[in-house]
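Novice: For reference, the file start.pdb (PDB, C-alpha atoms) is included below:
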```
ATOM      1  CA  MET A1307      37.665 -19.374 -83.855
ATOM      2  CA  SER A1308      36.995 -17.481 -80.616
ATOM      3  CA  ALA A1309      36.678 -19.364 -77.349
ATOM      4  CA  ILE A1310      33.228 -19.923 -75.873
ATOM      5  CA  PRO A1311      32.638 -17.449 -73.022
ATOM      6  CA  GLU A1312      32.963 -19.106 -69.633
ATOM      7  CA  VAL A1313      29.495 -17.931 -68.575
ATOM      8  CA  TRP A1314      27.893 -19.899 -71.429
ATOM      9  CA  VAL A1315      29.749 -23.039 -70.389
ATOM     10  CA  THR A1316      28.490 -22.494 -66.848
ATOM     11  CA  MET A1317      24.909 -21.938 -68.009
ATOM     12  CA  ALA A1318      25.086 -25.066 -70.176
ATOM     13  CA  LYS A1319      26.158 -27.105 -67.150
ATOM     14  CA  ILE A1320      23.372 -25.615 -65.021
ATOM     15  CA  PHE A1321      20.661 -26.366 -67.578
ATOM     16  CA  ALA A1322      22.042 -29.831 -68.338
ATOM     17  CA  THR A1323      21.936 -30.675 -64.629
ATOM     18  CA  MET A1324      18.422 -29.283 -64.192
ATOM     19  CA  PHE A1325      16.923 -31.088 -67.174
ATOM     20  CA  ALA A1326      18.756 -34.331 -66.406
ATOM     21  CA  THR A1327      17.313 -34.253 -62.896
ATOM     22  CA  LEU A1328      13.863 -33.470 -64.244
ATOM     23  CA  GLY A1329      14.148 -36.282 -66.778
ATOM     24  CA  ALA A1330      15.261 -38.763 -64.126
ATOM     25  CA  LEU A1331      12.312 -37.856 -61.917
ATOM     26  CA  GLY A1332       9.972 -38.007 -64.905
ATOM     27  CA  ALA A1333      11.087 -41.552 -65.659
ATOM     28  CA  THR A1334       9.685 -42.661 -62.282
ATOM     29  CA  LEU A1335       6.168 -41.349 -62.938
ATOM     30  CA  THR A1336       3.182 -43.606 -63.417
ATOM     31  CA  PRO A1337       0.826 -42.689 -66.287
ATOM     32  CA  ALA A1338      -2.703 -41.925 -65.184
ATOM     33  CA  ARG A1339      -5.356 -44.389 -66.212
ATOM     34  CA  ALA A1340      -7.221 -43.287 -69.318
ATOM     35  CA  GLY A1341     -10.479 -42.934 -67.427
ATOM     36  CA  THR A1342      -8.973 -40.563 -64.880
ATOM     37  CA  ARG A1343      -7.128 -38.206 -67.228
ATOM     38  CA  VAL A1344      -8.262 -34.613 -67.354
ATOM     39  CA  SER A1345      -9.120 -33.557 -70.896
ATOM     40  CA  ALA A1346      -9.224 -29.969 -72.051
ATOM     41  CA  ARG A1347     -10.499 -30.507 -75.566
ATOM     42  CA  GLY A1348      -9.406 -34.019 -76.407
ATOM     43  CA  GLY A1349      -6.662 -34.907 -78.846
ATOM     44  CA  ALA A1350      -3.050 -33.801 -78.566
ATOM     45  CA  GLY A1351      -3.884 -30.739 -76.498
ATOM     46  CA  ALA A1352      -5.660 -32.657 -73.737
ATOM     47  CA  GLY A1353      -4.623 -31.464 -70.307
ATOM     48  CA  TRP A1354      -2.745 -28.294 -71.261
ATOM     49  CA  LEU A1355      -5.836 -26.108 -70.824
ATOM     50  CA  CYS A1356      -8.669 -26.636 -68.380
ATOM     51  CA  ASP A1357     -11.971 -28.139 -69.470
ATOM     52  CA  PRO A1358     -14.016 -25.497 -71.333
ATOM     53  CA  SER A1359     -17.281 -27.202 -70.421
ATOM     54  CA  SER A1360     -16.767 -27.361 -66.643
ATOM     55  CA  ASN A1361     -14.527 -24.294 -66.240
ATOM     56  CA  PRO A1362     -15.235 -21.993 -69.203
ATOM     57  CA  SER A1363     -14.241 -18.766 -67.459
ATOM     58  CA  LYS A1364     -10.683 -19.947 -66.835
ATOM     59  CA  TYR A1365     -10.362 -21.713 -70.182
ATOM     60  CA  HIS A1366     -11.342 -18.689 -72.271
ATOM     61  CA  ALA A1367      -9.290 -16.350 -70.070
ATOM     62  CA  GLU A1368      -6.101 -18.360 -70.555
ATOM     63  CA  VAL A1369      -6.620 -18.531 -74.314
ATOM     64  CA  PHE A1370      -7.191 -14.760 -74.334
ATOM     65  CA  ILE A1371      -4.047 -14.126 -72.267
ATOM     66  CA  LEU A1372      -1.919 -16.205 -74.636
ATOM     67  CA  LYS A1373      -3.250 -14.331 -77.670
ATOM     68  CA  VAL A1374      -2.640 -10.903 -76.120
ATOM     69  CA  SER A1375       0.826 -11.985 -74.996
ATOM     70  CA  ALA A1376       1.782 -13.002 -78.529
ATOM     71  CA  CYS A1377       0.945  -9.469 -79.709
ATOM     72  CA  TRP A1378       2.994  -7.532 -77.173
ATOM     73  CA  ILE A1379       5.930  -9.967 -77.357
ATOM     74  CA  ALA A1380       6.083  -9.382 -81.100
ATOM     75  CA  SER A1381       6.005  -5.629 -80.478
ATOM     76  CA  VAL A1382       8.901  -5.877 -78.010
ATOM     77  CA  GLY A1383      10.964  -7.654 -80.647
ATOM     78  CA  VAL A1384      10.263  -4.857 -83.116
ATOM     79  CA  VAL A1385      11.042  -2.145 -80.557
ATOM     80  CA  ILE A1386      14.378  -3.729 -79.578
ATOM     81  CA  ALA A1387      15.349  -4.403 -83.201
ATOM     82  CA  LEU A1388      14.575  -0.864 -84.374
ATOM     83  CA  GLY A1389      15.765   0.873 -81.199
ATOM     84  CA  THR A1390      12.686   3.096 -81.106
ATOM     85  CA  TYR A1391      13.053   3.458 -77.320
ATOM     86  CA  GLU A1392      15.993   5.815 -77.949
ATOM     87  CA  TRP A1393      13.666   8.748 -78.625
ATOM     88  CA  TRP A1394      10.698   7.878 -76.385
ATOM     89  CA  GLY A1395      11.428   9.798 -73.197
ATOM     90  CA  ARG A1396       9.584   9.120 -69.962
ATOM     91  CA  TRP A1397       6.119   9.576 -71.444
ATOM     92  CA  GLY A1398       6.930   7.296 -74.352
ATOM     93  CA  TYR A1399       7.991   4.505 -71.999
ATOM     94  CA  MET A1400       4.841   5.003 -69.958
ATOM     95  CA  ALA A1401       2.570   4.928 -73.019
ATOM     96  CA  TYR A1402       4.189   1.792 -74.427
ATOM     97  CA  CYS A1403       4.138  -0.212 -71.185
ATOM     98  CA  VAL A1404       0.552   0.781 -70.371
ATOM     99  CA  THR A1405      -0.435  -0.240 -73.900
ATOM    100  CA  CYS A1406       1.113  -3.693 -73.383
ATOM    101  CA  ALA A1407      -0.602  -4.295 -70.035
ATOM    102  CA  SER A1408      -4.001  -2.634 -70.479
ATOM    103  CA  PRO A1409      -5.592  -5.131 -72.940
ATOM    104  CA  TYR A1410      -5.604  -7.794 -70.211
ATOM    105  CA  VAL A1411      -7.881  -5.551 -68.156
ATOM    106  CA  LEU A1412      -9.815  -3.399 -70.614
ATOM    107  CA  VAL A1413     -10.766  -5.899 -73.320
ATOM    108  CA  PRO A1414     -12.554  -8.351 -70.976
ATOM    109  CA  LEU A1415     -14.150  -5.416 -69.173
ATOM    110  CA  PHE A1416     -15.758  -3.916 -72.258
ATOM    111  CA  ALA A1417     -16.044  -7.111 -74.327
ATOM    112  CA  PRO A1418     -16.590  -9.956 -71.813
ATOM    113  CA  LEU A1419     -14.971 -13.263 -72.695
ATOM    114  CA  ALA A1420     -17.118 -16.136 -73.889
ATOM    115  CA  GLY A1421     -16.609 -18.020 -70.637
ATOM    116  CA  ASP A1422     -18.146 -15.166 -68.660
ATOM    117  CA  VAL A1423     -21.331 -14.985 -70.729
ATOM    118  CA  ILE A1424     -24.224 -17.004 -69.336
ATOM    119  CA  ARG A1425     -26.712 -18.157 -71.919
ATOM    120  CA  GLY A1426     -30.193 -18.896 -70.623
ATOM    121  CA  LYS A1427     -31.633 -22.369 -71.134
ATOM    122  CA  GLY A1428     -35.079 -22.196 -72.625
ATOM    123  CA  ALA A1429     -35.531 -18.485 -71.893
ATOM    124  CA  ARG A1430     -35.817 -16.323 -74.966
ATOM    125  CA  GLY A1431     -35.293 -12.627 -75.390
ATOM    126  CA  LYS A1432     -36.330 -10.333 -78.193
ATOM    127  CA  GLY A1433     -36.502 -11.916 -81.629
ATOM    128  CA  GLY A1434     -36.425 -15.416 -80.180
ATOM    129  CA  VAL A1435     -32.716 -15.152 -79.308
ATOM    130  CA  ALA A1436     -31.623 -16.990 -76.175
ATOM    131  CA  ALA A1437     -31.407 -14.622 -73.204
ATOM    132  CA  VAL A1438     -27.873 -13.908 -71.996
ATOM    133  CA  SER A1439     -26.372 -12.416 -68.875
ATOM    134  CA  LEU A1440     -22.875 -11.808 -67.561
ATOM    135  CA  LYS A1441     -21.122 -13.263 -64.570
ATOM    136  CA  PRO A1442     -20.554 -10.685 -61.811
ATOM    137  CA  LEU A1443     -17.135  -9.080 -62.268
ATOM    138  CA  GLY A1444     -15.732 -10.575 -59.073
ATOM    139  CA  GLU A1445     -16.595 -14.108 -60.218
ATOM    140  CA  ARG A1446     -14.775 -13.905 -63.536
ATOM    141  CA  TYR A1447     -11.438 -15.686 -63.678
ATOM    142  CA  ILE A1448      -9.834 -12.983 -65.808
ATOM    143  CA  PHE A1449     -10.639 -10.412 -63.100
ATOM    144  CA  LYS A1450      -9.077 -12.566 -60.387
ATOM    145  CA  ALA A1451      -6.035 -13.347 -62.540
ATOM    146  CA  ASN A1452      -5.456  -9.647 -63.186
ATOM    147  CA  LEU A1453      -5.942  -8.861 -59.506
ATOM    148  CA  TRP A1454      -3.472 -11.525 -58.374
ATOM    149  CA  ILE A1455      -0.815 -10.503 -60.881
ATOM    150  CA  ALA A1456      -1.337  -6.778 -60.207
ATOM    151  CA  VAL A1457      -0.755  -7.261 -56.478
ATOM    152  CA  PHE A1458       2.204  -9.599 -56.896
ATOM    153  CA  SER A1459       3.913  -7.521 -59.593
ATOM    154  CA  PHE A1460       3.437  -4.313 -57.584
ATOM    155  CA  ILE A1461       5.112  -5.905 -54.559
ATOM    156  CA  GLY A1462       7.862  -7.222 -56.820
ATOM    157  CA  ASN A1463       8.640  -3.838 -58.295
ATOM    158  CA  TYR A1464       8.241  -1.827 -55.106
ATOM    159  CA  TRP A1465      10.231  -4.177 -52.843
ATOM    160  CA  TYR A1466      12.112  -6.877 -54.703
ATOM    161  CA  THR A1467      13.771  -4.560 -57.235
ATOM    162  CA  HIS A1468      15.861  -3.113 -54.408
ATOM    163  CA  TYR A1469      17.364  -6.537 -53.797
ATOM    164  CA  PHE A1470      18.561  -6.489 -57.406
ATOM    165  CA  TYR A1471      19.991  -3.025 -56.802
ATOM    166  CA  GLY A1472      21.818  -4.215 -53.685
ATOM    167  CA  VAL A1473      22.774  -7.809 -54.490
ATOM    168  CA  LEU A1474      23.426  -7.600 -58.241
ATOM    169  CA  ASN A1475      24.176  -3.875 -58.537
ATOM    170  CA  ALA A1476      21.471  -3.538 -61.172
ATOM    171  CA  GLU A1477      20.365  -0.104 -62.357
ATOM    172  CA  TYR A1478      17.775   1.454 -64.652
ATOM    173  CA  THR A1479      19.265   4.435 -66.458
ATOM    174  CA  PHE A1480      16.488   5.565 -68.808
ATOM    175  CA  ASP A1481      14.447   8.695 -68.130
ATOM    176  CA  ALA A1482      11.291   7.676 -66.265
ATOM    177  CA  HIS A1483       8.653   8.592 -63.736
ATOM    178  CA  LYS A1484       9.554   6.668 -60.601
ATOM    179  CA  LEU A1485       7.893   5.221 -57.520
ATOM    180  CA  ASN A1486      10.308   4.131 -54.797
ATOM    181  CA  ASP A1487      13.160   4.542 -57.288
ATOM    182  CA  VAL A1488      11.605   2.064 -59.745
ATOM    183  CA  PRO A1489      10.302   3.276 -63.140
ATOM    184  CA  ILE A1490       6.501   3.359 -62.958
ATOM    185  CA  ALA A1491       6.283   2.150 -66.554
ATOM    186  CA  LEU A1492       7.833  -1.135 -65.426
ATOM    187  CA  TYR A1493       5.025  -1.766 -62.934
ATOM    188  CA  PHE A1494       2.763  -2.036 -65.982
ATOM    189  CA  MET A1495       5.222  -3.978 -68.130
ATOM    190  CA  THR A1496       5.733  -6.499 -65.349
ATOM    191  CA  HIS A1497       1.987  -7.122 -65.352
ATOM    192  CA  ALA A1498       2.150  -8.104 -69.022
ATOM    193  CA  TYR A1499       5.195 -10.339 -68.534
ATOM    194  CA  PHE A1500       3.772 -12.064 -65.473
ATOM    195  CA  MET A1501       0.377 -12.740 -67.037
ATOM    196  CA  PHE A1502       2.176 -14.578 -69.837
ATOM    197  CA  TYR A1503       4.624 -16.477 -67.609
ATOM    198  CA  HIS A1504       1.956 -17.675 -65.219
ATOM    199  CA  VAL A1505      -0.434 -18.977 -67.853
ATOM    200  CA  LEU A1506       2.422 -20.971 -69.398
ATOM    201  CA  SER A1507       3.281 -22.424 -65.987
ATOM    202  CA  ASN A1508      -0.410 -23.267 -65.493
ATOM    203  CA  CYS A1509      -0.362 -25.251 -68.725
ATOM    204  CA  ALA A1510       2.783 -27.202 -67.798
ATOM    205  CA  LEU A1511       1.637 -28.068 -64.275
ATOM    206  CA  ARG A1512      -1.861 -28.950 -65.449
ATOM    207  CA  LYS A1513      -0.503 -31.232 -68.169
ATOM    208  CA  THR A1514       1.608 -33.026 -65.571
ATOM    209  CA  ARG A1515      -1.388 -33.581 -63.340
ATOM    210  CA  ALA A1516      -3.524 -34.724 -66.265
ATOM    211  CA  THR A1517      -0.957 -37.200 -67.554
ATOM    212  CA  PHE A1518       0.482 -38.849 -64.446
ATOM    213  CA  LYS A1519      -0.935 -40.592 -61.408
ATOM    214  CA  LYS A1520      -1.096 -38.535 -58.234
ATOM    215  CA  ASP A1521       1.464 -39.890 -55.789
ATOM    216  CA  GLN A1522       4.635 -38.885 -53.963
ATOM    217  CA  ARG A1523       6.784 -39.250 -57.074
ATOM    218  CA  ARG A1524       4.595 -36.854 -59.009
ATOM    219  CA  PHE A1525       4.818 -34.377 -56.133
ATOM    220  CA  PHE A1526       8.617 -34.371 -56.284
ATOM    221  CA  PHE A1527       8.506 -34.102 -60.073
ATOM    222  CA  GLU A1528       6.190 -31.081 -59.811
ATOM    223  CA  CYS A1529       8.546 -29.419 -57.326
ATOM    224  CA  ALA A1530      11.460 -29.969 -59.707
ATOM    225  CA  LEU A1531       9.377 -28.768 -62.654
ATOM    226  CA  VAL A1532       8.502 -25.539 -60.828
ATOM    227  CA  ALA A1533      12.184 -24.986 -59.995
ATOM    228  CA  VAL A1534      13.283 -25.591 -63.602
ATOM    229  CA  MET A1535      10.561 -23.333 -64.978
ATOM    230  CA  ALA A1536      11.414 -20.632 -62.434
ATOM    231  CA  TYR A1537      15.126 -20.586 -63.271
ATOM    232  CA  SER A1538      14.531 -20.888 -67.017
ATOM    233  CA  THR A1539      11.984 -18.071 -67.023
ATOM    234  CA  ALA A1540      14.308 -15.789 -65.083
ATOM    235  CA  PHE A1541      17.275 -16.592 -67.319
ATOM    236  CA  MET A1542      15.367 -16.125 -70.566
ATOM    237  CA  GLU A1543      14.125 -12.720 -69.435
ATOM    238  CA  SER A1544      17.660 -11.713 -68.452
ATOM    239  CA  LEU A1545      18.964 -12.909 -71.810
ATOM    240  CA  THR A1546      16.307 -11.227 -73.942
ATOM    241  CA  ILE A1547      16.496  -7.920 -72.085
ATOM    242  CA  CYS A1548      20.258  -7.707 -72.673
ATOM    243  CA  GLY A1549      19.431  -5.965 -75.952
ATOM    244  CA  PHE A1550      18.045  -3.052 -73.931
ATOM    245  CA  PRO A1551      21.033  -0.907 -72.904
ATOM    246  CA  TYR A1552      19.360   1.042 -70.088
ATOM    247  CA  TYR A1553      19.089  -1.863 -67.639
ATOM    248  CA  SER A1554      22.635  -2.553 -66.563
ATOM    249  CA  PHE A1555      24.484  -4.841 -64.159
ATOM    250  CA  LYS A1556      27.912  -4.406 -62.672
ATOM    251  CA  ASP A1557      28.605  -8.042 -63.563
ATOM    252  CA  ARG A1558      26.303  -9.350 -66.310
ATOM    253  CA  ASP A1559      27.730 -12.873 -66.101
ATOM    254  CA  MET A1560      26.722 -13.019 -62.445
ATOM    255  CA  ALA A1561      23.313 -11.646 -63.430
ATOM    256  CA  TYR A1562      22.832 -14.669 -65.712
ATOM    257  CA  THR A1563      23.927 -17.278 -63.152
ATOM    258  CA  LEU A1564      23.191 -15.973 -59.641
ATOM    259  CA  GLY A1565      20.704 -13.361 -60.820
ATOM    260  CA  SER A1566      18.518 -15.962 -62.541
ATOM    261  CA  ALA A1567      18.410 -18.019 -59.348
ATOM    262  CA  PHE A1568      17.605 -14.896 -57.339
ATOM    263  CA  TYR A1569      14.839 -13.813 -59.719
ATOM    264  CA  GLY A1570      13.596 -17.393 -59.966
ATOM    265  CA  ILE A1571      12.676 -17.283 -56.276
ATOM    266  CA  TYR A1572       9.658 -15.185 -57.275
ATOM    267  CA  PHE A1573       8.277 -18.032 -59.353
ATOM    268  CA  LEU A1574       9.020 -20.826 -56.903
ATOM    269  CA  VAL A1575       6.153 -19.360 -54.899
ATOM    270  CA  SER A1576       3.994 -17.742 -57.553
ATOM    271  CA  PHE A1577       3.686 -20.534 -60.154
ATOM    272  CA  PRO A1578       1.883 -23.074 -57.924
ATOM    273  CA  MET A1579      -0.085 -20.364 -56.111
ATOM    274  CA  PHE A1580      -1.377 -18.830 -59.324
ATOM    275  CA  LEU A1581      -2.428 -22.226 -60.677
ATOM    276  CA  ALA A1582      -4.668 -22.717 -57.634
ATOM    277  CA  ILE A1583      -6.940 -19.800 -58.607
ATOM    278  CA  ASP A1584     -10.229 -21.413 -59.725
ATOM    279  CA  GLU A1585      -8.429 -24.572 -60.883
ATOM    280  CA  ASN A1586     -11.136 -26.569 -59.154
ATOM    281  CA  ALA A1587     -14.344 -25.498 -60.882
ATOM    282  CA  LYS A1588     -16.397 -26.592 -57.859
ATOM    283  CA  ARG A1589     -14.375 -24.606 -55.307
ATOM    284  CA  LYS A1590     -13.709 -21.216 -56.833
ATOM    285  CA  LYS A1591     -12.015 -18.469 -54.881
ATOM    286  CA  THR A1592     -13.547 -15.113 -54.059
ATOM    287  CA  TYR A1593     -11.763 -12.009 -55.265
ATOM    288  CA  ALA A1594     -11.006 -11.182 -51.613
ATOM    289  CA  ALA A1595      -9.299 -14.543 -51.101
ATOM    290  CA  THR A1596      -7.400 -14.014 -54.345
ATOM    291  CA  PHE A1597      -6.160 -10.634 -53.109
ATOM    292  CA  TRP A1598      -4.951 -11.962 -49.761
ATOM    293  CA  GLU A1599      -3.279 -14.997 -51.315
ATOM    294  CA  ALA A1600      -1.345 -12.682 -53.630
ATOM    295  CA  MET A1601      -0.319 -10.603 -50.616
ATOM    296  CA  GLY A1602       0.769 -13.727 -48.759
ATOM    297  CA  SER A1603       2.733 -14.968 -51.760
ATOM    298  CA  GLY A1604       4.452 -11.599 -51.968
ATOM    299  CA  MET A1605       5.486 -11.828 -48.320
ATOM    300  CA  ALA A1606       6.762 -15.386 -48.776
ATOM    301  CA  VAL A1607       8.986 -14.279 -51.672
ATOM    302  CA  LEU A1608      10.234 -11.279 -49.695
ATOM    303  CA  CYS A1609      11.298 -13.573 -46.838
ATOM    304  CA  LEU A1610      13.073 -15.967 -49.208
ATOM    305  CA  LEU A1611      14.940 -13.119 -50.900
ATOM    306  CA  ASP A1612      16.036 -11.788 -47.548
ATOM    307  CA  PHE A1613      17.171 -15.212 -46.365
ATOM    308  CA  VAL A1614      19.418 -15.373 -49.453
ATOM    309  CA  ARG A1615      20.711 -11.861 -48.749
ATOM    310  CA  LEU A1616      21.586 -12.853 -45.194
ATOM    311  CA  ARG A1617      23.319 -15.983 -46.442
ATOM    312  CA  LEU A1618      25.410 -13.837 -48.792
ATOM    313  CA  GLY A1619      26.248 -11.502 -45.920
ATOM    314  CA  LEU A1620      25.011  -8.352 -47.655
ATOM    315  CA  ASP A1621      23.408  -5.270 -46.168
ATOM    316  CA  PHE A1622      20.034  -4.176 -47.478
ATOM    317  CA  VAL A1623      19.429  -0.511 -48.216
ATOM    318  CA  MET A1624      16.248   0.732 -49.877
ATOM    319  CA  ARG A1625      17.577   3.853 -51.487
ATOM    320  CA  ALA A1626      15.513   6.979 -52.014
ATOM    321  CA  ALA A1627      14.561   8.037 -55.515
ATOM    322  CA  LYS A1628      17.352   9.839 -57.336
TER     323      LYS A1628
END
```
Using C-alpha cells, write down the structure that the file contains.
Specialist:
Amino acid sequence: MSAIPEVWVTMAKIFATMFATLGALGATLTPARAGTRVSARGGAGAGWLCDPSSNPSKYHAEVFILKVSACWIASVGVVIALGTYEWWGRWGYMAYCVTCASPYVLVPLFAPLAGDVIRGKGARGKGGVAAVSLKPLGERYIFKANLWIAVFSFIGNYWYTHYFYGVLNAEYTFDAHKLNDVPIALYFMTHAYFMFYHVLSNCALRKTRATFKKDQRRFFFECALVAVMAYSTAFMESLTICGFPYYSFKDRDMAYTLGSAFYGIYFLVSFPMFLAIDENAKRKKTYAATFWEAMGSGMAVLCLLDFVRLRLGLDFVMRAAK
C-alpha cells in the first residue's frame, strides 16, 4: 500500500482546522425568531434564494445562472474526460469558452427572465391578455451581475494572473490568442466560473442571515464562512483543473496549499461585495454604481495580492506576451 502524499495530509489538516473553527463559531450563533426569518419559497429551501415576490429579478436570475452553470460544468467534465482539447487549436479554445460564457448574457437579452417581465394590473392588451412590459436593461439584476463579474474577471485575468506567473511559476502552454500574455479564451471562461461561484456564495451567506440573529457573533461567523468558501473554491478549482495538462506549475503541491490561499484572496473581497448587488429590494444599485464597485473590488484584491508578494519578498514583473 503506497504512502499518502504529504500534500494531501497537509490539505486535510488545513480543511479540518478551517471547518472546526467554522463549526465552533457556528455553535455560538443564536437562531433568528421565526417571525424575522427571511423566506425564499418556504419549506426546506427557505433563505437560500431571495424572495421571488419582493425581489423577482434577482431570484429568477440566480436560478437561471445555476441552471446554465450545470450545463457548462457537465461539458467541462466531458471535454476533460475525452481530451477533445488536444485538437482544438486557438480558435477551438476561443469558441468553447465563448460558448460557456455567452448564455449568461445572450439568453436574458433575447428571452428576458420572468423576474424582468412586468405584467400590468387590470390593463389588457389584444385578445384580453394582460399587458406586459420589460424592465429597462440597466435595472435588471442579470445585467448588473454580468457587468460586475465581467469587470472583476477582466481585472483578474489582466492583472492577477501575473502574480500567479511570478509567485507560483504558473504557465499556460496551449496555443491561444493572448492579451497581456493571458489567453483571451480564459477571460470568457473565467466569467462562467465566477458567475457560478458567486451565486453559490450568495446562497450560503443569505442562508446564514436568514437563519441566525444579527449580532457580533454572526458577523464573525460570516467572516469565517467567507474565508472557508474562498479557500475551498480556490482549492477545488486547482484540483479539478489538474486534469488539464496545459496549465502547469513549477511546484503543484505549493499550488494546492499556498496557491489556494493566494487565489482565495480574490473571493475574500468579491463574495460579500457581489451579494450586496440588489440584495435589498428597496435599495437597488444603478448599473453605474455596480460598475464602480466592481472596479473598487478589483483594486482591493490587487492591493492584497501585492501585500502578500511583499511579505514573501518577491519581485513583480509583468512580462510581455511571448
Novice: Would you list the contacts of region 1488-1504 of chain A as number ranges by chain, taking every protein, DNA or RNA residue within 8 Å and counting only C-alpha atoms, but skipping same-chain residues closer than 3 positions in sequence?
Specialist: A: 1371-1372, 1375, 1399-1401, 1403-1404, 1406-1407, 1410, 1451-1452, 1455-1456, 1459-1460, 1463-1464, 1467, 1478, 1482-1485, 1507-1508, 1539, 1576-1577, 1580-1581, 1627
Novice: One decimal, Å: what's the distance from CA of Gly1619 (chain A) over to CA of Tyr1552 (chain A), could you say?
Specialist: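 So the answer is 28.1 Å.
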Novice: In Å, with one decimal, what is the gap from CA of Ser1566 (chain A) to CA of Leu1611 (chain A)?
Specialist: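 Spanning CA of Ser1566 (chain A) to CA of Leu1611 (chain A) is a straight-line distance of 12.5 Å.
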Novice: I'd like the interatomic distance between CA of Arg1617 (chain A) and CA of Phe1325 (chain A), to a tenth of an Å.
Specialist: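 So the two atoms, CA of Arg1617 (chain A) and CA of Phe1325 (chain A), lie 26.4 Å apart.
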Novice: When the PyMOL selection byres ((chain A and resi 1314-1316) around 12) is applied to the structure above, which residues does it catch, written out as a list in words?
Specialist: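 Taken over the shown coordinates, the PyMOL selection byres ((chain A and resi 1314-1316) around 12) returns Ala1309, Ile1310, Pro1311, Glu1312, Val1313, Met1317, Ala1318, Lys1319, Ile1320, Phe1321, Ala1322, Thr1323, Phe1541, Leu1545, Arg1558, Asp1559, Met1560, Tyr1562, Thr1563 and Leu1564 of chain A.
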Novice: Please provide the set of residues having any atom within 8 Å of region 1523-1530 of chain A, restricted to only C-alpha atoms, with same-chain residues fewer than 4 positions apart removed, written as a PyMOL selection string.
Specialist: chain A and resi 1327-1328+1331-1332+1334-1335+1511+1514+1518-1519+1534
Novice: Within 12 Å of (-8.0, -16.4, -70.3), in the coordinates the file gives, what residues turn up when you count only C-alpha atoms, written out as a PyMOL selection string?
Specialist: chain A and resi 1355-1356+1358+1361-1375+1409-1411+1413-1414+1418-1422+1446-1452+1501-1502+1504-1506+1508-1509+1584
Novice: May I have the residues within 9 Å of Ala1540 (chain A) as number ranges by chain, using only C-alpha atoms and disregarding those fewer than 3 positions away in the same chain?
Specialist: A: 1535-1537, 1543-1545, 1562, 1565-1570, 1573
Novice: I need the residue nearest Tyr1471 (chain A) from this list: A:Phe1458, A:Trp1397, A:Trp1354, A:Phe1622. Use only C-alpha atoms for the distance.
Specialist: A:Phe1622
Novice: Which one of A:Met1579, A:Val1457, A:Met1542, A:Cys1548 sits closest to Ile1386 (chain A) if you count all atoms listed in the file?
Specialist: A:Cys1548
Novice: For Met1324 (chain A), which residue out of A:Ala1561, A:Val1532, A:Val1423, A:Ala1587 is the nearest one, using all atoms listed in the file?
Specialist: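 Selected residue with least distance to Met1324 (chain A): A:Val1532.
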Novice: Please evaluate the PyMOL selection byres ((chain A and resi 1468) around 10) against the displayed coordinates and give the resulting residues as a ChimeraX atom specification.
Specialist: /A:1462-1467,1469-1477,1486-1488,1622-1625
Novice: Of the residues A:Asp1557, A:Lys1591, A:Ser1538, A:Ser1603, which is the one nearest to Pro1578 (chain A), using all atoms listed in the file?
Specialist: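 Using all atoms listed in the file, Pro1578 (chain A) sits closest to A:Ser1603.
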Novice: Find the residue from A:Ser1554, A:Ser1360, A:Ile1424, A:Leu1415 that sits nearest to Arg1589 (chain A); use only C-alpha atoms when measuring.
Specialist: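 Closest residue, counting only C-alpha atoms: A:Ser1360.
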Novice: With distances taken over all atoms listed in the file, which of A:Val1384, A:Ala1417, A:Ala1333, A:Ile1461 is nearest to Leu1440 (chain A)?
Specialist: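 Among the listed residues, A:Ala1417 lies closest to Leu1440 (chain A).
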